[in-house]
Every structure is written in C-alpha cells, then in structure tokens.
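Enquirer: Structure file coords22.cif (mmCIF, C-alpha atoms) right here:
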```
data_start
#
loop_
_atom_site.label_atom_id
_atom_site.label_comp_id
_atom_site.auth_asym_id
_atom_site.auth_seq_id
_atom_site.Cartn_x
_atom_site.Cartn_y
_atom_site.Cartn_z
CA MET A 243 61.67 164.71 -38.85
CA LYS A 244 62.26 163.70 -35.26
CA PHE A 245 59.90 164.69 -32.45
CA GLY A 246 61.04 164.61 -28.83
CA VAL A 247 58.24 163.84 -26.36
CA ILE A 248 59.07 165.01 -22.86
CA VAL A 249 58.05 162.60 -20.10
CA PHE A 250 57.53 163.95 -16.59
CA PRO A 251 56.51 161.73 -13.69
CA GLY A 252 52.73 162.09 -14.06
CA SER A 253 52.62 162.73 -17.82
CA ASN A 254 49.80 160.66 -19.29
CA CYS A 255 49.48 161.79 -22.89
CA ASP A 256 53.09 161.05 -23.79
CA HIS A 257 52.20 157.81 -25.56
CA ASP A 258 49.40 159.54 -27.46
CA ALA A 259 51.78 162.23 -28.69
CA PHE A 260 54.37 159.59 -29.59
CA TYR A 261 51.74 157.59 -31.49
CA ALA A 262 50.33 160.58 -33.38
CA THR A 263 53.76 161.71 -34.57
CA SER A 264 55.24 158.28 -35.30
CA ALA A 265 52.49 155.81 -36.27
CA VAL A 266 50.10 158.33 -37.82
CA LEU A 267 52.38 161.07 -39.15
CA GLY A 268 55.11 158.59 -40.08
CA GLN A 269 57.97 160.47 -38.47
CA LYS A 270 60.55 159.55 -35.86
CA ALA A 271 59.74 160.15 -32.22
CA GLU A 272 61.56 159.53 -28.99
CA TYR A 273 60.83 159.99 -25.33
CA ILE A 274 62.94 162.39 -23.28
CA TRP A 275 62.91 161.81 -19.52
CA HIS A 276 62.44 164.80 -17.20
CA ASP A 277 65.90 164.59 -15.62
CA SER A 278 67.69 164.80 -18.96
CA HIS A 279 69.86 167.90 -19.36
CA THR A 280 69.83 167.69 -23.15
CA LEU A 281 67.28 167.05 -25.88
CA GLY A 282 69.51 165.19 -28.32
CA SER A 283 69.00 165.71 -32.04
CA VAL A 284 65.27 166.41 -32.15
CA ASP A 285 63.64 168.85 -34.58
CA ALA A 286 60.73 169.66 -32.28
CA VAL A 287 59.69 169.08 -28.71
CA ILE A 288 56.24 168.17 -27.38
CA LEU A 289 55.28 168.70 -23.74
CA PRO A 290 52.36 166.31 -23.35
CA GLY A 291 49.31 166.41 -21.15
CA GLY A 292 49.06 164.87 -17.70
CA PHE A 293 49.81 165.93 -14.16
CA ALA A 294 53.55 166.58 -14.00
CA TYR A 295 54.96 165.75 -10.57
CA GLY A 296 51.33 165.40 -9.45
CA ASP A 297 50.55 169.11 -9.91
CA TYR A 298 49.90 169.24 -6.15
CA LEU A 299 51.03 172.83 -5.59
CA ARG A 300 49.86 174.40 -8.86
CA CYS A 301 49.78 173.00 -12.38
CA GLY A 302 53.27 173.07 -13.82
CA ALA A 303 54.76 174.78 -10.77
CA ILE A 304 57.32 172.07 -10.04
CA ALA A 305 57.88 170.91 -13.62
CA LYS A 306 59.31 174.30 -14.58
CA PHE A 307 62.33 173.58 -12.36
CA SER A 308 63.13 170.19 -13.92
CA PRO A 309 66.46 169.73 -15.72
CA VAL A 310 64.77 169.02 -19.03
CA MET A 311 62.92 172.35 -18.88
CA GLN A 312 66.22 174.20 -18.79
CA ALA A 313 67.11 172.34 -22.01
CA VAL A 314 63.68 173.16 -23.47
CA LYS A 315 64.20 176.85 -22.67
CA ARG A 316 67.56 176.83 -24.47
CA PHE A 317 66.00 175.00 -27.43
CA ALA A 318 63.14 177.51 -27.62
CA GLY A 319 65.58 180.39 -27.31
CA GLU A 320 67.44 179.05 -30.36
CA GLY A 321 64.21 178.96 -32.36
CA GLY A 322 63.34 175.28 -31.87
CA LEU A 323 59.68 174.26 -32.18
CA VAL A 324 58.03 173.61 -28.81
CA LEU A 325 54.42 172.45 -28.55
CA GLY A 326 52.74 172.25 -25.14
CA VAL A 327 49.40 170.47 -24.88
CA CYS A 328 47.15 170.78 -21.82
CA ASN A 329 49.51 170.21 -18.88
CA GLY A 330 52.32 171.03 -21.32
CA PHE A 331 50.69 174.43 -21.92
CA GLN A 332 50.42 174.94 -18.15
CA ILE A 333 54.12 174.15 -17.80
CA LEU A 334 55.07 176.57 -20.60
CA VAL A 335 53.26 179.48 -18.94
CA GLU A 336 54.74 178.63 -15.53
CA ALA A 337 58.18 178.51 -17.12
CA GLY A 338 57.63 181.93 -18.69
CA LEU A 339 57.92 180.65 -22.27
CA LEU A 340 54.36 181.80 -22.93
CA PRO A 341 52.44 184.68 -21.34
CA GLY A 342 49.48 184.40 -18.99
CA ALA A 343 48.32 181.60 -16.73
CA LEU A 344 45.81 178.76 -16.64
CA ILE A 345 43.46 178.81 -13.70
CA ARG A 346 40.53 176.77 -12.41
CA ASN A 347 37.71 176.34 -14.93
CA ALA A 348 34.99 178.92 -14.41
CA GLY A 349 32.47 176.16 -13.72
CA LEU A 350 34.90 174.44 -11.27
CA LYS A 351 34.34 171.09 -12.99
CA PHE A 352 36.82 168.97 -14.89
CA VAL A 353 35.57 169.12 -18.48
CA CYS A 354 36.20 166.17 -20.80
CA ARG A 355 34.54 166.42 -24.21
CA ASP A 356 35.04 167.49 -27.81
CA VAL A 357 35.13 171.21 -28.47
CA HIS A 358 35.20 173.24 -31.66
CA LEU A 359 38.16 175.51 -32.27
CA ARG A 360 38.57 178.27 -34.81
CA VAL A 361 42.01 178.64 -36.34
CA GLU A 362 42.80 182.31 -35.74
CA THR A 363 46.12 182.50 -37.53
CA VAL A 364 47.92 180.36 -40.06
CA ASN A 365 51.07 182.40 -39.65
CA SER A 366 52.74 179.90 -37.34
CA PRO A 367 54.71 176.66 -37.54
CA PHE A 368 51.79 174.91 -35.80
CA THR A 369 48.89 176.09 -37.95
CA ASN A 370 50.29 176.70 -41.44
CA ALA A 371 48.62 173.52 -42.79
CA ALA A 372 45.21 174.81 -41.73
CA GLU A 373 43.10 177.55 -43.23
CA LYS A 374 42.35 180.74 -41.41
CA GLY A 375 38.92 180.49 -39.85
CA GLU A 376 38.85 176.71 -40.26
CA ILE A 377 36.89 174.92 -37.53
CA LEU A 378 38.56 171.94 -35.85
CA ARG A 379 36.92 169.38 -33.59
CA VAL A 380 39.38 168.37 -30.88
CA PRO A 381 38.84 167.01 -27.34
CA ILE A 382 39.63 168.81 -24.10
CA ALA A 383 40.18 167.19 -20.70
CA HIS A 384 41.13 169.61 -17.95
CA GLY A 385 40.15 171.19 -14.66
CA GLU A 386 42.49 174.17 -14.90
CA GLY A 387 42.18 175.44 -18.45
CA CYS A 388 40.79 178.92 -17.99
CA TYR A 389 43.26 181.15 -19.80
CA TYR A 390 44.05 184.34 -17.92
CA ALA A 391 46.29 187.29 -18.75
CA ASP A 392 45.99 190.97 -17.97
CA ASP A 393 44.31 193.23 -20.53
CA ARG A 394 47.58 194.65 -21.78
CA THR A 395 48.91 191.15 -22.53
CA LEU A 396 45.65 190.11 -24.19
CA ASP A 397 45.72 193.21 -26.39
CA GLU A 398 49.33 192.48 -27.29
CA LEU A 399 48.53 188.86 -28.21
CA GLN A 400 45.73 190.09 -30.42
CA ALA A 401 47.78 192.86 -32.04
CA GLU A 402 50.69 190.51 -32.74
CA ASP A 403 48.44 187.80 -34.20
CA ARG A 404 49.55 185.36 -31.50
CA ILE A 405 46.19 183.81 -30.66
CA ALA A 406 46.35 180.46 -32.46
CA PHE A 407 42.94 179.01 -31.56
CA ARG A 408 39.71 180.25 -30.02
CA TYR A 409 36.84 178.17 -28.62
CA LEU A 410 33.55 178.54 -30.43
CA ASP A 411 31.70 177.56 -27.27
CA ASN A 412 33.98 178.56 -24.38
CA PRO A 413 34.05 175.54 -22.02
CA ASN A 414 36.14 176.95 -19.18
CA GLY A 415 35.83 180.74 -18.95
CA SER A 416 39.06 181.48 -20.84
CA LEU A 417 39.42 185.21 -21.42
CA ARG A 418 38.57 186.20 -24.99
CA ASP A 419 37.81 182.51 -25.70
CA ILE A 420 41.52 181.76 -26.03
CA ALA A 421 42.39 178.06 -26.48
CA GLY A 422 45.98 178.39 -27.72
CA VAL A 423 48.68 181.07 -27.90
CA LEU A 424 52.03 181.60 -29.58
CA SER A 425 55.28 183.03 -28.24
CA ARG A 426 56.56 186.32 -29.62
CA GLN A 427 58.99 184.43 -31.89
CA ARG A 428 56.08 182.14 -32.88
CA ASN A 429 58.15 178.96 -32.32
CA VAL A 430 56.44 178.03 -29.04
CA MET A 431 52.74 177.21 -28.87
CA GLY A 432 50.56 176.11 -25.99
CA MET A 433 47.00 174.82 -26.32
CA MET A 434 44.57 173.23 -23.87
CA PRO A 435 42.79 170.96 -26.42
CA HIS A 436 44.47 167.68 -27.36
CA PRO A 437 45.37 167.46 -31.07
CA GLU A 438 47.06 164.08 -30.49
CA ARG A 439 43.70 162.68 -29.41
CA ALA A 440 42.16 163.64 -32.74
CA ALA A 441 44.72 162.07 -35.04
CA GLU A 442 42.98 159.20 -36.86
CA PRO A 443 39.40 158.20 -37.77
CA LEU A 444 39.14 155.66 -34.96
CA MET A 445 39.49 158.53 -32.48
CA GLY A 446 36.43 160.26 -33.91
CA SER A 447 38.30 163.14 -35.53
CA THR A 448 41.47 163.70 -37.48
CA ASP A 449 41.36 167.48 -37.12
CA GLY A 450 44.22 167.56 -34.61
CA LEU A 451 46.67 166.22 -37.18
CA THR A 452 46.90 169.63 -38.81
CA VAL A 453 49.07 170.82 -35.90
CA PHE A 454 51.63 168.05 -36.44
CA GLU A 455 51.45 168.36 -40.24
CA SER A 456 52.20 172.06 -39.91
CA MET A 457 55.27 171.30 -37.80
CA LEU A 458 56.37 168.70 -40.34
CA ARG A 459 56.09 171.22 -43.19
CA VAL A 460 58.35 173.61 -41.35
CA ALA A 461 60.92 170.93 -40.60
CA GLN A 462 60.93 169.74 -44.21
CA ALA A 463 61.27 173.26 -45.54
CA ALA A 464 64.26 173.72 -43.26
CA ARG A 465 65.89 170.61 -44.71
CA PRO A 466 65.50 170.58 -48.47
CA GLY A 467 65.80 167.12 -49.93
CA ALA A 468 64.28 165.43 -46.94
CA PRO A 469 61.75 162.85 -48.11
CA ALA A 470 58.21 164.14 -48.15
CA VAL A 471 56.05 161.88 -46.06
CA ARG A 472 52.28 161.80 -46.23
CA ALA A 473 50.84 163.95 -48.96
CA MET B 157 61.20 180.30 14.11
CA LYS B 158 58.25 179.88 11.80
CA ALA B 159 57.06 181.58 8.68
CA ARG B 160 53.61 181.85 7.21
CA VAL B 161 53.01 182.61 3.55
CA PHE B 162 49.55 183.68 2.43
CA VAL B 163 48.76 183.18 -1.25
CA SER B 164 45.61 184.50 -2.90
CA LEU B 165 44.40 185.29 -6.40
CA LYS B 166 44.81 188.90 -7.46
CA SER B 167 41.60 190.86 -7.18
CA THR B 168 41.41 191.09 -10.98
CA VAL B 169 41.42 187.29 -11.37
CA LEU B 170 38.14 185.38 -11.33
CA ASP B 171 37.80 183.17 -8.23
CA PRO B 172 35.03 180.64 -8.99
CA GLN B 173 35.70 178.74 -5.75
CA GLY B 174 35.15 181.87 -3.68
CA GLN B 175 32.00 182.66 -5.65
CA THR B 176 30.65 179.16 -5.02
CA VAL B 177 31.37 179.43 -1.29
CA CYS B 178 29.61 182.81 -1.26
CA SER B 179 26.48 181.44 -2.91
CA ALA B 180 26.52 178.45 -0.52
CA LEU B 181 26.64 180.88 2.43
CA HIS B 182 23.69 182.75 0.99
CA GLY B 183 21.90 179.41 0.69
CA LEU B 184 22.53 178.82 4.40
CA GLY B 185 20.84 182.09 5.20
CA HIS B 186 23.92 184.28 5.70
CA GLN B 187 22.57 187.21 3.76
CA GLY B 188 25.09 189.61 5.31
CA ILE B 189 27.92 188.22 3.12
CA ALA B 190 28.75 190.35 0.07
CA SER B 191 31.56 188.27 -1.47
CA VAL B 192 34.18 185.62 -0.68
CA ARG B 193 37.70 185.22 -2.04
CA GLN B 194 39.52 181.96 -1.35
CA GLY B 195 43.25 181.59 -0.77
CA LYS B 196 45.72 179.34 1.01
CA PHE B 197 48.57 179.62 3.44
CA PHE B 198 51.75 177.68 4.11
CA ASP B 199 53.13 177.20 7.63
CA ILE B 200 56.86 176.77 7.34
CA ALA B 201 59.22 175.82 10.16
CA ILE B 202 62.69 177.35 9.85
CA ALA B 203 65.66 175.13 10.68
CA ASP B 204 67.72 175.88 13.78
CA GLY B 205 70.67 178.22 13.31
CA VAL B 206 69.10 180.25 10.48
CA THR B 207 69.06 183.97 11.20
CA ARG B 208 65.94 186.08 10.85
CA GLU B 209 67.42 187.92 7.87
CA GLN B 210 68.37 184.70 6.10
CA ALA B 211 64.91 183.27 6.74
CA GLN B 212 63.21 186.42 5.46
CA ARG B 213 65.22 186.33 2.24
CA GLU B 214 64.74 182.63 1.66
CA ILE B 215 60.99 182.69 2.33
CA GLU B 216 60.52 185.70 0.04
CA THR B 217 62.34 183.81 -2.72
CA ILE B 218 60.29 180.66 -2.15
CA ALA B 219 57.04 182.62 -2.10
CA HIS B 220 57.86 184.45 -5.33
CA GLU B 221 59.34 181.56 -7.31
CA VAL B 222 57.50 178.50 -6.02
CA LEU B 223 54.48 179.02 -3.76
CA ALA B 224 52.82 181.77 -5.78
CA ASN B 225 52.53 182.48 -9.47
CA PRO B 226 52.95 186.27 -9.65
CA VAL B 227 51.01 186.37 -12.93
CA ILE B 228 47.77 185.53 -11.12
CA GLU B 229 48.52 185.52 -7.41
CA GLU B 230 49.78 187.82 -4.69
CA TYR B 231 51.43 186.75 -1.46
CA GLN B 232 52.27 188.00 1.99
CA VAL B 233 55.10 186.71 4.16
CA GLU B 234 55.02 186.71 7.96
CA LEU B 235 57.88 185.64 10.20
CA LEU B 236 56.71 184.33 13.57
CA ASP B 237 58.96 183.76 16.57
#
```
Using the file provided, produce a representation of the structure as structure tokens.

Expert:
Amino acid sequence: MKFGVIVFPGSNCDHDAFYATSAVLGQKAEYIWHDSHTLGSVDAVILPGGFAYGDYLRCGAIAKFSPVMQAVKRFAGEGGLVLGVCNGFQILVEAGLLPGALIRNAGLKFVCRDVHLRVETVNSPFTNAAEKGEILRVPIAHGEGCYYADDRTLDELQAEDRIAFRYLDNPNGSLRDIAGVLSRQRNVMGMMPHPERAAEPLMGSTDGLTVFESMLRVAQAARPGAPAVRA
Amino acid sequence: MKARVFVSLKSTVLDPQGQTVCSALHGLGHQGIASVRQGKFFDIAIADGVTREQAQREIETIAHEVLANPVIEEYQVELLD
C-alpha cells in the first residue's frame, strides 16, 4: 500500500505521518507538495497536522484553495481514502469534505496532552481494526479543536453512525464530545487527536496504529494477492 | 473607495473569548455589562477604476468564500466612499 502525505507550508506532522506509515506500518509513503495538481498512484492520502500557510486568517482557510486540495477533492469523490489529522481535519471541514467546523477551545488554551478516545464505530475504513467501544490513548495538541456543527448536522452524524471517536474527558468543549467524524461515503475521516504520535512503544502508546492498520486492511482487501504485512 | 467586512461568530456558536472579556469587565467593576461577543473586521481598499457594483460583488464573494466561514460565522459588508 502507498500512502501520500500532503505537505503544506507550515505542516509539522508530515514526517510523523510518513514515519508511522512507512517505518512502523511497513508500507510505502511519499510526500506530496501543496502545489501539486495530482496525487500520483497513492492508495490513501493523509493531511497531517501543523499550521498550513500559517493559519493566520482561520485554520485551514487558505489551504482549501491550494492546487493539491482540488486533487484531494477529486480523489475523495472517487472513493479514495482521505485521513485528516488535527490541522488536516480543520482543512477538510473548511474544504467542505466533512461537515461542521473547528473553533477555539472552550478553555481558550492550547491543549497538549494524552486523551482517551472511545471508538464509536468500526464500520469505517479507519476504524475496522478496532473494536467498538475500545478505548484508545492518543495525544492531542491544538488550540482550535472544539468541534461545532448545528443540531441537525449532529443528529445526522449520529443517525448515520458517522461519529468515529468521542473523548472520554472532553478537553476542548467539542459538541457531543466528538473527536473524529466520517464523510457520508465513509471514505474521508477527520480527527483532532494524533494517531501518528501514538504509533510505537517509545512514543508511550501504540493505540494510534489501529487507524493506519484499518486503512491497510481496506487497501489489501481491494487488491487480493497483495502481500500481507504485519500480522 | 473602501470596503469594510465585519465577521462574527453566529449567535448559536460558543464565543469563549467574548465570555472571558465579559468576566474581565466584571472584575474591573463594570457590573452593567450583560455579555460580550467578539468579532473582527477587515478594512479593504478598492483599486482605482473599479466600479461600485464590481466592488460590491467582489467583496461579497471574498467575504463568503475567504474571510468568513459560513458554517460558524456571519458577515456584513459595507462600502465606504
């Protein structure tokens, strides 16, 4: 499987995502620069954390206009797997690929610590390797991670089983404790916590790997005969 | 010609900055303040030769697509001579 890691000026978790998918998961990964109009032959795309274009106006507000995002939208529209982490999640909501918005943390402070997440659905390409209700310990690091959507949208997310993760101890005021959501087609997921920062024992937790392992399962199922890596 | 675009959070969206300013005002003894909502505005100078109608259209587009996120924010556009 080949992961494409998008790199915006100001991305700072691109190397972490590259490392988690290549060195830890044992798959191919390549960087895709923000002014690229195509994604090449990748099986999945990761929008990493950071501060794309500085995030001076609003998180993700400028990144949504970048050439690579037009390619990401086409890829998502064709069913390709797109994972947005932290700033990547903010970019996906700004670009309209996911509903809602991410606003200033309720406590106004930048919060950087481990949180506990509950897996709310395993019916997705990003969570199928987990168990429903499983608790994951994954770090967060954000100032604008308070998930907001109107009640109708929140009800719809709930009814369509599109809430991927909830916080056990809500660190930022997110409505209904939402930490990650899925698109209607379920091939796009955004989450504020950083699974790539919980990918091997040295990092203090390996719970984040389940997201990448889930994606790998889907890619391998789509290509029978592909060598199974990492039992 | 100049334009001014006001951007603020919708009334249904939590504004922790405004709340913090409000409690600070209470701390300073301003007990007559009931609540505070914080927003921002953009002063934009229009290039020479652009008509009022063109400017209105362009600023509306910019406000909707760039300066504000309509999911959480509302905006007002003013054209000033």

Enquirer: Select, as number ranges by chain, those residues of chain B with any atom no more than 12 Å from chain A (distances computed using only C-alpha atoms).

Expert: B: 163, 165-177, 196-198, 218-229

Enquirer: Please provide the set of residues having any atom within 9 Å of segment 359-362 of chain A, restricted to only C-alpha atoms, with same-chain residues fewer than 6 positions apart removed, written as a PyMOL selection string.

Expert: chain A and resi 369+372-380+403-411+421+435

Enquirer: I'd like the interatomic distance between atom CA of Gly319 of chain A and atom CA of Thr363 of chain A, to a tenth of an Å.

Expert: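 Interatomic distance here is 22.1 Å.
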
Enquirer: In terms of the shortest atom-to-atom distance over only C-alpha atoms, which of A:Leu340, A:Val284, A:Ile274, A:Ala401 is closest to Met433 of chain A?

Expert: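 Closest to Met433 of chain A of all the choices is A:Leu340.
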
Enquirer: Figure out the distance between atom CA of Met311 of chain A and atom CA of Ala294 of chain A, please, to one decimal in Å.

Expert: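 Interatomic distance here is 12.0 Å.
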
Enquirer: List the spatial neighbours of segment 205-210 of chain B as a PyMOL selection string - criterion: any atom at most 10 Å away, all atoms listed in the file, same-chain residues fewer than 5 positions off excluded.

Expert: chain B and resi 157-158+215-216+235-237

Enquirer: Would you kindly return, as a list in words, each protein, DNA or RNA residue with an atom no farther than 10 Å from any atom of Val287 of chain A, considering only C-alpha atoms and excluding same-chain residues fewer than 2 positions away?

Expert: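 Surrounding residues, per the criterion: Lys244, Phe245, Gly246, Val247, Ile248, Ala271, Glu272, Tyr273, Ile274, Leu281, Val284, Asp285, Leu289, Pro290, Val314, Phe317, Ala318, Gly322, Leu323, Val324, Leu325, Gly326 and Val430 of chain A.
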
Enquirer: What is the atom CA of Val161 of chain B-atom CA of Ile200 of chain B distance in Å, reported with one decimal?

Expert: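 That distance, rounded to one decimal, is 8.0 Å.
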
Enquirer: Excluding segment 255-260 of chain A and residues on its chain fewer than 3 positions from it, collect all residues at most 10 Å away from it, counting all atoms listed in the file, and give them as JSON, numbers by chain.

Expert: {"A": [245, 246, 247, 248, 249, 250, 252, 263, 264, 265, 266, 267, 269, 270, 271, 272, 273, 274, 288, 289, 290, 291, 292, 293, 327, 328, 329, 330, 436, 437, 438, 439, 440, 441, 454]}

Enquirer: The PyMOL selection byres ((chain B and resi 233) around 6) on the file shown: which residues, as a VMD selection string?

Expert: chain B and resid 160 to 161 232 234

Enquirer: Evaluate the PyMOL selection byres ((chain A and resi 356) around 9) here and jot the selected residues down as JSON, numbers by chain.

Expert: {"A": [354, 355, 357, 358, 379, 380, 381, 382, 383, 435]}
